[in-house]
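As provided, my_file-v1.txt (compact mmCIF, C-alpha atoms) reads as follows.
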```txt
# COMPACT_ATOMS: atom_id res chain seq x y z
CA MET J 291 0.00 0.00 0.00
CA LYS J 292 3.04 2.27 0.24
CA ASN J 293 3.00 3.17 -3.47
CA PHE J 294 -0.81 3.16 -3.80
CA ASN J 295 -1.99 6.61 -4.86
CA LEU J 296 -5.66 6.77 -3.92
CA GLY J 297 -6.13 10.29 -5.27
CA ARG J 298 -4.88 9.31 -8.70
CA TRP J 299 -7.20 6.29 -8.84
CA ILE J 300 -10.13 8.52 -7.87
CA VAL J 301 -9.28 11.05 -10.58
CA TRP J 302 -8.89 8.48 -13.35
CA GLY J 303 -11.91 6.53 -12.16
CA GLY J 304 -13.99 9.70 -12.14
CA PHE J 305 -12.74 10.55 -15.63
CA ALA J 306 -13.74 7.11 -16.94
CA LEU J 307 -17.11 7.30 -15.18
CA SER J 308 -17.83 10.74 -16.64
CA LEU J 309 -17.10 9.41 -20.13
CA LEU J 310 -19.51 6.52 -19.56
CA ILE J 311 -22.43 8.52 -18.19
CA ALA J 312 -22.06 11.70 -20.30
CA PRO J 313 -24.30 10.41 -23.16
CA LEU J 314 -26.89 9.32 -20.62
CA ILE J 315 -27.21 12.91 -19.42
CA PHE J 316 -26.77 14.63 -22.79
CA ASN J 317 -28.72 12.15 -24.89
CA LYS J 318 -30.03 14.37 -27.67
CA GLY J 319 -28.67 14.06 -31.21
CA ALA J 320 -27.00 17.46 -31.23
CA SER J 321 -25.56 16.87 -27.74
CA LEU J 322 -24.01 13.55 -28.79
CA SER J 323 -22.44 15.18 -31.83
CA LEU J 324 -21.03 17.93 -29.60
CA LEU J 325 -19.60 15.36 -27.19
CA CYS J 326 -17.92 13.53 -30.08
CA GLN J 327 -16.32 16.74 -31.30
CA MET J 328 -15.13 17.53 -27.79
CA GLY J 329 -13.58 14.08 -27.41
CA ALA J 330 -11.59 14.33 -30.65
CA PHE J 331 -10.45 17.88 -29.87
CA ILE J 332 -9.38 16.93 -26.33
CA ILE J 333 -6.94 14.38 -27.76
CA LEU J 334 -5.69 16.99 -30.24
CA ALA J 335 -5.27 19.68 -27.58
CA LEU J 336 -3.46 17.31 -25.20
CA SER J 337 -1.12 16.23 -28.00
CA TYR J 338 -0.42 19.89 -28.78
CA ASN J 339 0.41 20.53 -25.15
CA MET J 340 3.16 17.90 -25.40
CA LEU J 341 4.87 20.46 -27.62
CA LEU J 342 3.90 23.78 -26.07
CA GLY J 343 3.34 23.08 -22.39
CA GLN J 344 5.93 20.36 -21.86
CA GLY J 345 8.47 21.22 -24.54
CA GLY J 346 8.08 24.98 -24.94
CA MET J 347 7.63 24.54 -28.70
CA LEU J 348 5.11 27.05 -30.06
CA SER J 349 3.70 25.41 -33.17
CA PHE J 350 1.39 27.08 -35.67
CA GLY J 351 0.98 23.95 -37.78
CA HIS J 352 -0.11 21.13 -35.49
CA ALA J 353 -3.26 20.58 -37.54
CA VAL J 354 -1.04 19.19 -40.31
CA TYR J 355 -0.54 15.94 -38.41
CA SER J 356 -4.16 15.50 -37.40
CA GLY J 357 -5.37 16.48 -40.87
CA LEU J 358 -3.01 14.21 -42.79
CA GLY J 359 -3.81 11.44 -40.34
CA ALA J 360 -7.50 12.02 -41.04
CA PHE J 361 -6.94 11.78 -44.81
CA CYS J 362 -5.00 8.52 -44.46
CA ALA J 363 -7.64 7.15 -42.10
CA ILE J 364 -10.53 7.98 -44.42
CA HIS J 365 -8.73 6.41 -47.39
CA ALA J 366 -8.13 3.29 -45.29
CA LEU J 367 -11.81 3.26 -44.39
CA ASN J 368 -12.77 3.44 -48.08
CA LEU J 369 -10.34 0.63 -48.90
CA ALA J 370 -11.85 -1.46 -46.10
CA ALA J 371 -15.33 -0.79 -47.46
CA ALA J 372 -14.18 -1.92 -50.91
CA GLY J 373 -12.69 -5.10 -49.48
CA SER J 374 -9.12 -4.21 -50.45
CA VAL J 375 -7.84 -4.29 -46.87
CA ALA J 376 -9.15 -6.08 -43.81
CA ILE J 377 -9.23 -3.57 -40.99
CA PRO J 378 -12.10 -2.94 -38.56
CA VAL J 379 -13.48 0.54 -38.05
CA SER J 380 -12.41 0.41 -34.40
CA LEU J 381 -8.74 0.36 -35.46
CA ILE J 382 -8.99 3.07 -38.13
CA PRO J 383 -7.77 5.72 -35.61
CA LEU J 384 -4.50 3.79 -35.38
CA VAL J 385 -4.05 4.29 -39.12
CA GLY J 386 -4.37 8.01 -38.56
CA GLY J 387 -1.98 7.79 -35.61
CA PHE J 388 0.79 6.04 -37.54
CA ALA J 389 0.25 8.38 -40.49
CA GLY J 390 0.59 11.35 -38.17
CA MET J 391 3.78 9.86 -36.72
CA PHE J 392 5.17 9.35 -40.22
CA PHE J 393 4.57 12.96 -41.21
CA GLY J 394 5.85 14.05 -37.81
CA ALA J 395 9.10 12.22 -38.55
CA LEU J 396 9.20 13.79 -42.02
CA PHE J 397 8.44 17.41 -41.11
CA GLY J 398 9.79 17.29 -37.57
CA TYR J 399 13.31 16.52 -38.73
CA VAL J 400 13.35 19.96 -40.32
CA THR J 401 11.33 21.96 -37.80
CA THR J 402 13.06 20.73 -34.63
CA LYS J 403 16.51 21.73 -35.83
CA LYS J 404 15.60 25.19 -34.55
CA SER J 405 13.67 26.33 -31.50
CA GLY J 406 11.79 29.39 -30.33
CA THR J 407 10.53 31.86 -32.93
CA THR J 408 12.30 30.07 -35.79
CA PHE J 409 10.50 26.82 -34.98
CA ALA J 410 7.15 28.65 -34.89
CA MET J 411 7.76 30.30 -38.27
CA ILE J 412 8.83 27.03 -39.91
CA THR J 413 5.68 25.27 -38.67
CA LEU J 414 3.58 28.13 -40.04
CA GLY J 415 5.26 27.71 -43.42
CA ILE J 416 4.66 23.96 -43.39
CA VAL J 417 0.95 24.28 -42.64
CA GLU J 418 0.56 26.74 -45.51
CA LEU J 419 2.55 24.41 -47.77
CA VAL J 420 0.36 21.41 -46.94
CA PHE J 421 -2.81 23.48 -47.32
CA ALA J 422 -1.67 24.59 -50.79
CA CYS J 423 -0.92 20.96 -51.70
CA SER J 424 -4.48 20.01 -50.75
CA LEU J 425 -5.66 21.77 -53.91
CA MET J 426 -2.75 20.59 -56.05
CA PHE J 427 -3.22 16.85 -55.44
CA PRO J 428 -6.97 16.19 -55.69
CA LYS J 429 -6.52 12.41 -55.93
CA PHE J 430 -5.38 12.24 -52.31
CA PHE J 431 -6.98 15.35 -50.82
CA GLY J 432 -10.21 15.26 -52.84
CA GLY J 433 -9.96 18.85 -54.08
CA GLU J 434 -12.30 21.46 -52.67
CA GLY J 435 -14.98 18.89 -51.86
CA GLY J 436 -12.68 16.71 -49.77
CA VAL J 437 -12.91 12.95 -49.34
CA SER J 438 -16.09 11.32 -48.04
CA THR J 439 -16.79 7.83 -46.75
CA ASN J 440 -19.36 5.63 -45.06
CA ARG J 441 -18.33 4.36 -41.65
CA VAL J 442 -20.94 1.55 -41.70
CA ILE J 443 -19.07 -1.27 -43.42
CA GLY J 444 -19.37 -5.04 -43.19
CA GLU J 445 -21.59 -6.97 -40.83
CA PRO J 446 -22.32 -5.61 -37.33
CA PHE J 447 -20.05 -7.04 -34.64
CA PHE J 448 -22.14 -7.81 -31.53
CA GLY J 449 -24.65 -5.26 -32.84
CA ILE J 450 -22.00 -2.56 -33.32
CA SER J 451 -22.13 -1.04 -36.78
CA TYR J 452 -21.15 2.55 -35.90
CA GLY J 453 -24.26 3.77 -37.62
CA PRO J 454 -25.87 5.24 -34.47
CA GLN J 455 -24.06 8.28 -33.08
CA ILE J 456 -23.98 6.77 -29.59
CA GLN J 457 -21.71 3.97 -30.83
CA VAL J 458 -19.36 6.50 -32.41
CA TYR J 459 -19.29 8.38 -29.12
CA TYR J 460 -18.20 5.35 -27.13
CA LEU J 461 -15.52 4.59 -29.72
CA ILE J 462 -14.19 8.15 -29.31
CA ALA J 463 -14.50 7.88 -25.51
CA PHE J 464 -12.47 4.65 -25.53
CA TRP J 465 -9.64 6.18 -27.55
CA LEU J 466 -9.86 9.40 -25.53
CA PHE J 467 -9.32 7.59 -22.25
CA LEU J 468 -6.55 5.44 -23.70
CA CYS J 469 -4.71 8.38 -25.29
CA THR J 470 -5.11 10.59 -22.21
CA LEU J 471 -3.68 7.85 -20.03
CA ALA J 472 -0.78 7.31 -22.45
CA MET J 473 0.02 11.02 -22.68
CA PHE J 474 -0.03 11.35 -18.91
CA ALA J 475 2.27 8.33 -18.65
CA PHE J 476 4.60 10.08 -21.09
CA THR J 477 5.07 12.92 -18.60
CA GLN J 478 6.47 10.39 -16.10
CA THR J 479 9.00 8.87 -18.52
CA PRO J 480 12.66 9.95 -18.83
CA LEU J 481 11.85 11.51 -22.22
CA GLY J 482 8.93 13.40 -20.70
CA ARG J 483 11.21 14.70 -17.95
CA ILE J 484 14.09 15.67 -20.19
CA ILE J 485 11.81 17.59 -22.58
CA ASN J 486 10.94 19.78 -19.57
CA ALA J 487 14.64 20.35 -19.03
CA VAL J 488 15.14 21.21 -22.71
CA ARG J 489 12.23 23.65 -22.43
CA ASP J 490 13.69 25.38 -19.38
CA ASN J 491 17.40 25.33 -20.23
CA PRO J 492 18.53 23.55 -23.41
CA GLU J 493 22.18 24.47 -22.80
CA ARG J 494 22.28 22.63 -19.48
CA ALA J 495 20.46 19.65 -20.96
CA GLU J 496 23.08 19.47 -23.71
CA PHE J 497 25.87 19.87 -21.14
CA ILE J 498 24.76 16.72 -19.28
CA GLY J 499 24.72 14.69 -22.50
CA TYR J 500 21.29 15.13 -24.13
CA ASP J 501 20.82 16.43 -27.65
CA PRO J 502 17.99 19.03 -27.47
CA GLN J 503 17.17 18.59 -31.15
CA TRP J 504 16.64 14.84 -30.81
CA VAL J 505 14.60 15.28 -27.65
CA ARG J 506 12.33 17.77 -29.43
CA TYR J 507 12.20 15.51 -32.49
CA LEU J 508 11.10 12.41 -30.57
CA THR J 509 8.53 14.40 -28.61
CA LEU J 510 7.10 15.87 -31.80
CA MET J 511 6.74 12.42 -33.38
CA LEU J 512 4.84 11.13 -30.35
CA SER J 513 2.69 14.26 -30.33
CA ALA J 514 1.96 13.78 -34.04
CA PHE J 515 0.94 10.17 -33.35
CA PHE J 516 -1.78 11.24 -30.90
CA ALA J 517 -2.80 14.09 -33.21
CA GLY J 518 -3.23 11.54 -36.00
CA ILE J 519 -5.48 9.43 -33.77
CA SER J 520 -7.61 12.52 -33.22
CA GLY J 521 -7.75 13.01 -36.99
CA GLY J 522 -8.84 9.39 -37.52
CA LEU J 523 -11.65 9.81 -35.00
CA THR J 524 -12.72 13.02 -36.72
CA ALA J 525 -12.88 11.19 -40.07
CA ILE J 526 -15.09 8.49 -38.55
CA ASN J 527 -17.32 11.00 -36.81
CA PHE J 528 -17.97 13.37 -39.75
CA GLU J 529 -17.41 10.84 -42.57
CA ILE J 530 -15.67 13.57 -44.57
CA VAL J 531 -12.23 15.19 -44.51
CA SER J 532 -11.45 18.39 -46.40
CA ALA J 533 -8.66 20.94 -46.78
CA GLU J 534 -9.96 22.73 -43.68
CA ASN J 535 -8.53 19.88 -41.57
CA VAL J 536 -4.96 20.89 -42.53
CA SER J 537 -5.48 24.65 -42.46
CA ALA J 538 -3.78 27.29 -40.33
CA LEU J 539 -7.24 28.14 -38.98
CA ARG J 540 -7.51 24.69 -37.39
CA SER J 541 -3.98 25.03 -35.98
CA GLY J 542 -4.88 28.42 -34.51
CA SER J 543 -7.97 26.96 -32.87
CA ILE J 544 -5.86 24.28 -31.17
CA LEU J 545 -3.50 26.95 -29.86
CA LEU J 546 -6.39 29.03 -28.50
CA PHE J 547 -8.00 26.03 -26.79
CA ALA J 548 -4.74 24.99 -25.13
CA VAL J 549 -3.92 28.48 -23.84
CA ILE J 550 -7.45 29.12 -22.57
CA GLY J 551 -7.39 25.85 -20.66
CA GLY J 552 -3.87 26.36 -19.33
CA THR J 553 -0.71 24.90 -20.87
CA GLY J 554 1.03 24.72 -17.49
CA PHE J 555 -1.20 21.87 -16.33
CA PHE J 556 -1.77 18.48 -17.90
CA PHE J 557 -5.56 18.75 -17.69
CA GLY J 558 -5.60 22.37 -18.86
CA PRO J 559 -5.97 21.67 -22.60
CA LEU J 560 -8.72 19.17 -21.75
CA ILE J 561 -10.74 21.96 -20.14
CA GLY J 562 -9.83 24.35 -22.95
CA ALA J 563 -11.04 21.93 -25.63
CA ILE J 564 -14.37 21.45 -23.86
CA VAL J 565 -14.90 25.18 -23.41
CA GLY J 566 -13.61 26.04 -26.88
CA VAL J 567 -15.74 23.51 -28.78
CA PHE J 568 -18.82 24.39 -26.74
CA LEU J 569 -18.41 28.13 -27.34
CA THR J 570 -17.55 27.66 -31.01
CA VAL J 571 -20.54 25.44 -31.76
CA MET J 572 -23.08 27.12 -29.49
CA LEU J 573 -22.13 30.75 -30.09
CA SER J 574 -21.96 30.27 -33.86
CA SER J 575 -25.55 29.00 -33.69
CA TYR J 576 -26.82 32.16 -32.00
CA THR J 577 -24.67 35.07 -33.16
CA SER J 578 -22.53 36.16 -36.07
CA ALA J 579 -20.06 37.78 -33.65
CA TRP J 580 -18.95 34.53 -32.02
CA GLN J 581 -15.36 34.91 -33.24
CA LEU J 582 -15.18 38.36 -31.65
CA TYR J 583 -16.36 37.00 -28.29
CA PHE J 584 -13.94 34.09 -28.48
CA GLY J 585 -11.08 36.44 -29.27
CA VAL J 586 -11.97 38.73 -26.36
CA LEU J 587 -12.06 35.71 -24.03
CA PHE J 588 -8.61 34.67 -25.22
CA VAL J 589 -7.18 38.16 -24.65
CA LEU J 590 -8.68 38.38 -21.16
CA ILE J 591 -7.29 34.95 -20.24
CA VAL J 592 -3.81 35.92 -21.42
CA MET J 593 -3.91 39.27 -19.60
CA TYR J 594 -5.54 38.38 -16.29
CA ALA J 595 -5.18 34.60 -15.99
CA PRO J 596 -2.01 33.49 -17.80
CA GLY J 597 -2.33 30.09 -16.13
CA GLY J 598 -5.63 29.57 -17.94
CA ILE J 599 -8.80 28.13 -16.49
CA ALA J 600 -6.80 25.29 -14.93
CA GLY J 601 -4.62 27.84 -13.13
CA LEU J 602 -7.68 29.47 -11.63
CA ILE J 603 -9.04 26.09 -10.53
CA MET J 604 -5.75 25.13 -8.90
CA GLN J 605 -5.84 28.26 -6.74
CA ILE J 606 -8.95 27.03 -4.94
CA PRO J 607 -7.13 24.33 -2.89
CA ALA J 608 -4.64 26.98 -1.72
CA LEU J 609 -7.50 29.14 -0.50
CA ILE J 610 -9.11 26.21 1.29
CA ARG J 611 -5.86 25.20 2.97
CA SER J 612 -5.25 28.78 4.16
CA GLY J 613 -8.70 28.91 5.76
CA LYS J 614 -9.28 32.36 4.24
CA ILE J 615 -11.64 31.36 1.48
CA LYS J 616 -14.57 32.92 3.39
CA HIS J 617 -12.82 36.30 3.10
CA VAL J 618 -12.17 35.91 -0.62
CA LEU J 619 -15.59 34.65 -1.74
CA PRO J 620 -17.54 37.89 -1.04
CA GLN J 621 -15.00 40.00 -2.93
CA LEU J 622 -14.89 37.45 -5.75
CA ALA J 623 -18.70 37.37 -6.02
CA LEU J 624 -18.89 41.16 -6.26
CA ALA J 625 -16.10 41.26 -8.85
CA LEU J 626 -17.86 38.60 -10.94
CA LEU J 627 -21.15 40.51 -10.70
CA ALA J 628 -19.47 43.67 -11.95
CA ALA J 629 -17.79 41.73 -14.76
CA MET J 630 -21.14 40.20 -15.71
CA LEU J 631 -22.76 43.65 -15.97
CA ALA J 632 -19.94 44.89 -18.20
CA THR J 633 -20.19 41.72 -20.31
CA ILE J 634 -23.94 42.11 -20.80
CA GLY J 635 -23.48 45.72 -21.85
CA PHE J 636 -20.69 44.76 -24.23
CA VAL J 637 -22.78 41.97 -25.80
CA ILE J 638 -25.74 44.32 -26.26
CA MET J 639 -23.49 46.89 -27.93
CA VAL J 640 -21.87 44.35 -30.26
CA GLU J 641 -25.13 42.69 -31.23
CA MET J 642 -26.76 46.04 -32.02
CA LEU J 643 -23.77 47.03 -34.16
CA TYR J 644 -23.93 43.74 -36.03
CA HIS J 645 -27.67 44.14 -36.51
CA LEU J 646 -27.22 47.63 -37.93
CA THR J 647 -24.54 46.36 -40.29
CA LEU J 648 -26.26 43.19 -41.50
CA ASN J 649 -30.01 43.46 -40.91
CA ALA J 650 -30.87 47.13 -40.44
CA ALA J 651 -32.41 47.31 -43.93
CA ASP J 652 -35.07 44.80 -42.87
CA ASP J 653 -36.02 46.00 -39.41
CA SER J 654 -34.41 47.98 -36.61
CA ASN J 655 -35.92 45.70 -33.96
CA MET J 656 -34.07 42.64 -32.72
CA GLN J 657 -34.52 39.96 -30.05
CA LEU J 658 -31.81 39.88 -27.42
CA PHE J 659 -31.87 38.09 -24.03
CA TYR J 660 -35.59 37.41 -24.56
CA PHE J 661 -36.21 41.18 -24.85
CA ALA J 662 -37.10 43.29 -27.87
CA VAL J 663 -34.40 45.88 -28.56
CA ASP J 664 -34.82 48.76 -31.00
CA THR J 665 -31.45 49.72 -32.45
CA ALA J 666 -32.90 52.95 -33.84
CA GLN J 667 -33.64 54.33 -30.35
CA SER J 668 -30.97 56.17 -28.38
CA TYR J 669 -32.05 54.68 -25.04
CA SER J 670 -30.93 51.22 -26.18
CA TRP J 671 -27.41 52.50 -26.77
CA LEU J 672 -27.40 54.51 -23.55
CA ALA J 673 -28.46 51.44 -21.58
CA ALA J 674 -25.61 49.40 -23.06
CA ILE J 675 -23.09 52.17 -22.34
CA ALA J 676 -24.41 52.52 -18.76
CA LEU J 677 -24.04 48.78 -18.13
CA ILE J 678 -20.49 48.81 -19.47
CA GLY J 679 -19.58 51.87 -17.39
CA VAL J 680 -21.08 50.57 -14.15
CA GLY J 681 -19.61 47.13 -14.70
CA LEU J 682 -16.10 48.42 -15.43
CA ALA J 683 -16.17 50.82 -12.46
CA GLY J 684 -17.31 48.04 -10.15
CA TRP J 685 -14.75 45.61 -11.57
CA ILE J 686 -11.86 48.04 -11.07
CA GLY J 687 -12.89 48.73 -7.47
CA MET J 688 -13.61 45.11 -6.57
CA ARG J 689 -10.47 43.87 -8.31
CA ARG J 690 -8.28 46.03 -6.08
CA ARG J 691 -9.97 44.68 -2.95
CA LEU J 692 -9.83 41.13 -4.27
CA CYS J 693 -6.11 41.43 -5.00
CA LEU J 694 -5.53 42.87 -1.52
CA VAL J 695 -7.34 39.99 0.17
CA TRP J 696 -5.66 37.42 -2.06
CA ASN J 697 -2.19 38.83 -1.35
CA THR J 698 -2.95 38.62 2.37
CA VAL J 699 -4.02 34.99 2.01
CA ASP J 700 -0.97 34.24 -0.12
CA SER J 701 1.40 35.76 2.42
CA VAL J 702 -0.25 33.82 5.28
CA SER J 703 0.05 30.57 3.29
CA SER J 704 3.73 31.27 2.56
CA ALA J 705 4.39 31.97 6.26
CA LYS J 706 2.71 28.69 7.24
CA ASP J 707 4.78 26.79 4.68
CA GLN J 708 7.99 28.31 6.04
CA GLN J 709 7.00 27.34 9.59
CA VAL J 710 6.36 23.77 8.46
CA GLN J 711 9.74 23.62 6.74
CA VAL J 712 11.49 24.99 9.84
```

Could you spell out this file's structure in structure tokens?
Amino acid sequence: MKNFNLGRWIVWGGFALSLLIAPLIFNKGASLSLLCQMGAFIILALSYNMLLGQGGMLSFGHAVYSGLGAFCAIHALNLAAAGSVAIPVSLIPLVGGFAGMFFGALFGYVTTKKSGTTFAMITLGIVELVFACSLMFPKFFGGEGGVSTNRVIGEPFFGISYGPQIQVYYLIAFWLFLCTLAMFAFTQTPLGRIINAVRDNPERAEFIGYDPQWVRYLTLMLSAFFAGISGGLTAINFEIVSAENVSALRSGSILLFAVIGGTGFFFGPLIGAIVGVFLTVMLSSYTSAWQLYFGVLFVLIVMYAPGGIAGLIMQIPALIRSGKIKHVLPQLALALLAAMLATIGFVIMVEMLYHLTLNAADDSNMQLFYFAVDTAQSYSWLAAIALIGVGLAGWIGMRRRLCLVWNTVDSVSSAKDQQVQV
């Protein structure tokens, strides 16, 4: 029992249980599709964090490995449907994984020779190169229409045909749990440890006998393998792969999700993928300004919470241990209320501007927050400005008090830690 980590078993057991019961709670067709997208993106975001969070490699072209893996997976699925190869649908993600690893070995040999800004610029060039090739080689990439398939092939195995969306979800959930466990295990390996050293101080890592370029290269290949698995699951889920899967836009989305979740924590990109996919799908269904809101959220996270959502979550145990959480909660609640008022005013302002730009010729009235708003009346604009002003004023005042209380709690916690060490 000495090496038995109960907390870790609880966390992984809770993760597996949540994957099992999620479709029982969100059992509608649209909800299942959203869960499938989240599962594939979680694998992709976690694989990206192997580069950025653990290796310090800022990549603008990670979608290349997931996209090319998706293309290889969908071609393998079509060959299996034609009877040319004997491979079950359940193992198609492995085809994408090995394809991603192959292209990671091919492109990574060039990109990992440099680090820092040079590495980022080379990856950006590669993603643009691959995206241009998607229109130059239509036999493999399918041209502008992409490559489509039918995931229901052969006879059902124990009733599993992958026709119903629920069966696709559990396939994605299985690979999600397996890949998450494998990527976490990677952080405990010698390679996972030395890539942290290369991230922090490559000169010292080289001084003790490790080649930083080879460490980055091996890490990138493993990251590309998991990205390819994500691409294979995406191909099965949507039954189509297009040039958008290898675009810089997809790579940028992965970067945003990882940073919003928190690259400094293993589970940060997992949270970021859930939040990012949910906001992208849901906001795009309700407003044309969803990209603006997502961009503002990203800027606010970078400015005020550089540790991401995971960093904010990890501060809660420190507050509980200090015993001062009861002093922080009132200030935090008031600050969040002020921020909510400013957010509502900002949303009203943006939506009215978009309505004037896109739909003002039809009617000046619009429905917003279950209320009728007339964009032609001055009081609508004044109300939005008043909410923004009151919210910002309250946020600035409450933020100062919140920081003061938090600094007091932080200093008390540090003093207690020093006493324990003494």

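Atom to atom, atom CA of Gly319 of chain J and atom CA of Thr570 of chain J stand 17.6 Å apart.
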
**Request:** Find the residues around Arg441 of chain J up to 10 Å (all atoms listed in the file counted), leave out those fewer than 4 positions away in its own chain, and share them as a PyMOL selection string.
**Result:** chain J and resi 364+367-368+370-371+379+451-453+458+525-529

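Atom CA of Asn339 of chain J lies 8.9 Å from atom CA of Leu545 of chain J.
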
**Prompt:** If you measure from atom CA of Arg540 of chain J to atom CA of Ala353 of chain J, what distance in Å do you get, rounded to one decimal?
**Reply:** 5.9 Å

Return as a Markdown table the residues of segment 455-492 of chain J lying at most 12 Å from segment 391-412 of chain J, together with the closest atom-to-atom pair for each and the distance in Å to one decimal, counting all atoms listed in the file, with rows in chain order and ascending residue number.
```
| residue | atom | partner | partner_atom | distance |
| --- | --- | --- | --- | --- |
| J:Val488 | CA | J:Ser405 | CA | 10.3 |
| J:Arg489 | CA | J:Ser405 | CA | 9.6 |
| J:Asp490 | CA | J:Gly406 | CA | 11.8 |
| J:Asn491 | CA | J:Ser405 | CA | 11.9 |
| J:Pro492 | CA | J:Ser405 | CA | 9.8 |
```

Contacts between segment 418-421 of chain J and segment 515-608 of chain J, please, where a residue of segment 515-608 of chain J counts if it comes within 8 Å (with all atoms listed in the file); show its shortest atom pair and distance in Å to one decimal, rows by chain and ascending number, as CSV.
```
residue,atom,partner,partner_atom,distance
J:Ala533,CA,J:Phe421,CA,6.4
J:Val536,CA,J:Phe421,CA,5.9
J:Ser537,CA,J:Phe421,CA,5.7
J:Ala538,CA,J:Glu418,CA,6.8
```

Would you kindly return, as a compact mmCIF listing (two decimals) with C-alpha atoms, keeping the file's coordinate frame, each protein, DNA or RNA residue with an atom no farther than 9 Å from any atom of Phe515 of chain J, considering only C-alpha atoms and excluding same-chain residues fewer than 6 positions away?
```txt
# COMPACT_ATOMS: atom_id res chain seq x y z
CA SER J 337 -1.12 16.23 -28.00
CA TYR J 355 -0.54 15.94 -38.41
CA SER J 356 -4.16 15.50 -37.40
CA GLY J 359 -3.81 11.44 -40.34
CA LEU J 384 -4.50 3.79 -35.38
CA GLY J 386 -4.37 8.01 -38.56
CA GLY J 387 -1.98 7.79 -35.61
CA PHE J 388 0.79 6.04 -37.54
CA ALA J 389 0.25 8.38 -40.49
CA GLY J 390 0.59 11.35 -38.17
CA MET J 391 3.78 9.86 -36.72
CA PHE J 392 5.17 9.35 -40.22
CA GLY J 394 5.85 14.05 -37.81
```

**Prompt:** Smallest atom-to-atom distance to Phe430 of chain J: which of J:Ile416, J:Leu369, J:Leu341, J:Leu358, using only C-alpha atoms?
**Reply:** J:Leu358

Any chance you could tabulate, as a Markdown table, the residues of segment 644-701 of chain J at most 12 Å from segment 627-640 of chain J with each one's nearest atom pair and distance in Å to one decimal, using all atoms listed in the file, in chain and rising number order?
```
| residue | atom | partner | partner_atom | distance |
| --- | --- | --- | --- | --- |
| J:Tyr644 | CA | J:Val640 | CA | 6.2 |
| J:His645 | CA | J:Val640 | CA | 8.5 |
| J:Leu646 | CA | J:Val640 | CA | 9.9 |
| J:Thr647 | CA | J:Val640 | CA | 10.6 |
| J:Met656 | CA | J:Ile638 | CA | 10.7 |
| J:Gln657 | CA | J:Ile638 | CA | 10.5 |
| J:Leu658 | CA | J:Ile638 | CA | 7.6 |
| J:Phe659 | CA | J:Ile638 | CA | 9.0 |
| J:Phe661 | CA | J:Ile638 | CA | 11.0 |
| J:Ala662 | CA | J:Ile638 | CA | 11.5 |
| J:Val663 | CA | J:Ile638 | CA | 9.1 |
| J:Asp664 | CA | J:Ile638 | CA | 11.2 |
| J:Thr665 | CA | J:Met639 | CA | 9.6 |
| J:Ser668 | CA | J:Met639 | CA | 11.9 |
| J:Tyr669 | CA | J:Met639 | CA | 11.9 |
| J:Ser670 | CA | J:Ile638 | CA | 8.6 |
| J:Trp671 | CA | J:Met639 | CA | 6.9 |
| J:Leu672 | CA | J:Met639 | CA | 9.6 |
| J:Ala673 | CA | J:Gly635 | CA | 7.6 |
| J:Ala674 | CA | J:Gly635 | CA | 4.4 |
| J:Ile675 | CA | J:Gly635 | CA | 6.5 |
| J:Ala676 | CA | J:Gly635 | CA | 7.5 |
| J:Leu677 | CA | J:Gly635 | CA | 4.8 |
| J:Ile678 | CA | J:Ala632 | CA | 4.2 |
| J:Gly679 | CA | J:Ala632 | CA | 7.0 |
| J:Val680 | CA | J:Ala632 | CA | 7.1 |
| J:Gly681 | CA | J:Ala632 | CA | 4.2 |
| J:Leu682 | CA | J:Ala632 | CA | 5.9 |
| J:Ala683 | CA | J:Ala628 | CA | 7.9 |
| J:Gly684 | CA | J:Ala628 | CA | 5.2 |
| J:Trp685 | CA | J:Ala628 | CA | 5.1 |
| J:Ile686 | CA | J:Ala628 | CA | 8.8 |
| J:Gly687 | CA | J:Ala628 | CA | 9.4 |
| J:Met688 | CA | J:Ala628 | CA | 8.1 |
| J:Arg689 | CA | J:Ala628 | CA | 9.7 |
```

May I have the centre and edge lengths, in Å to one decimal, of an axis-aligned box around the listed atoms of segment 513-520 of chain J with 4 Å added to every side, as JSON?
```
{"center_x": -2.5, "center_y": 11.8, "center_z": -33.2, "size_x": 18.3, "size_y": 12.8, "size_z": 13.7}
```

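Of the listed residues J:Gln457, J:Asn649, J:Ser543, J:Ser374, the one whose atoms come nearest to Gly562 of chain J is J:Ser543, with distances taken using all atoms listed in the file.
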
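Residues in contact with Leu569 of chain J at up to 10 Å, not including ones fewer than 5 positions away on its chain and judged by only C-alpha atoms, are J:Ala563, J:Ile564, J:Ser574, J:Ser575, J:Trp580, J:Gln581, J:Tyr583, J:Phe584.
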
File of the preceding selection, C-alpha atoms, as a PDB file, in the coordinates of the input:
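Saved file result-v5.pdb follows:
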```
ATOM      1  CA  ALA J 563     -11.040  21.930 -25.630  1.00  0.00           C
ATOM      2  CA  ILE J 564     -14.370  21.450 -23.860  1.00  0.00           C
ATOM      3  CA  SER J 574     -21.960  30.270 -33.860  1.00  0.00           C
ATOM      4  CA  SER J 575     -25.550  29.000 -33.690  1.00  0.00           C
ATOM      5  CA  TRP J 580     -18.950  34.530 -32.020  1.00  0.00           C
ATOM      6  CA  GLN J 581     -15.360  34.910 -33.240  1.00  0.00           C
ATOM      7  CA  TYR J 583     -16.360  37.000 -28.290  1.00  0.00           C
ATOM      8  CA  PHE J 584     -13.940  34.090 -28.480  1.00  0.00           C
TER       9      PHE J 584
END
```

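The smallest atom-to-atom distance between Val618 of chain J and any of J:Thr439, J:Glu641, J:Arg691, J:Met572, using all atoms listed in the file, is found for J:Arg691.
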
**Request:** Do a neighbour search on Ile544 of chain J at 12 Å with all atoms listed in the file, toss out local chain neighbours closer than 6 positions, and write the hits as number ranges by chain.
**Result:** J: 328, 330-339, 341-342, 348-354, 356, 517, 535-538, 550-551, 553, 559-560, 562-567
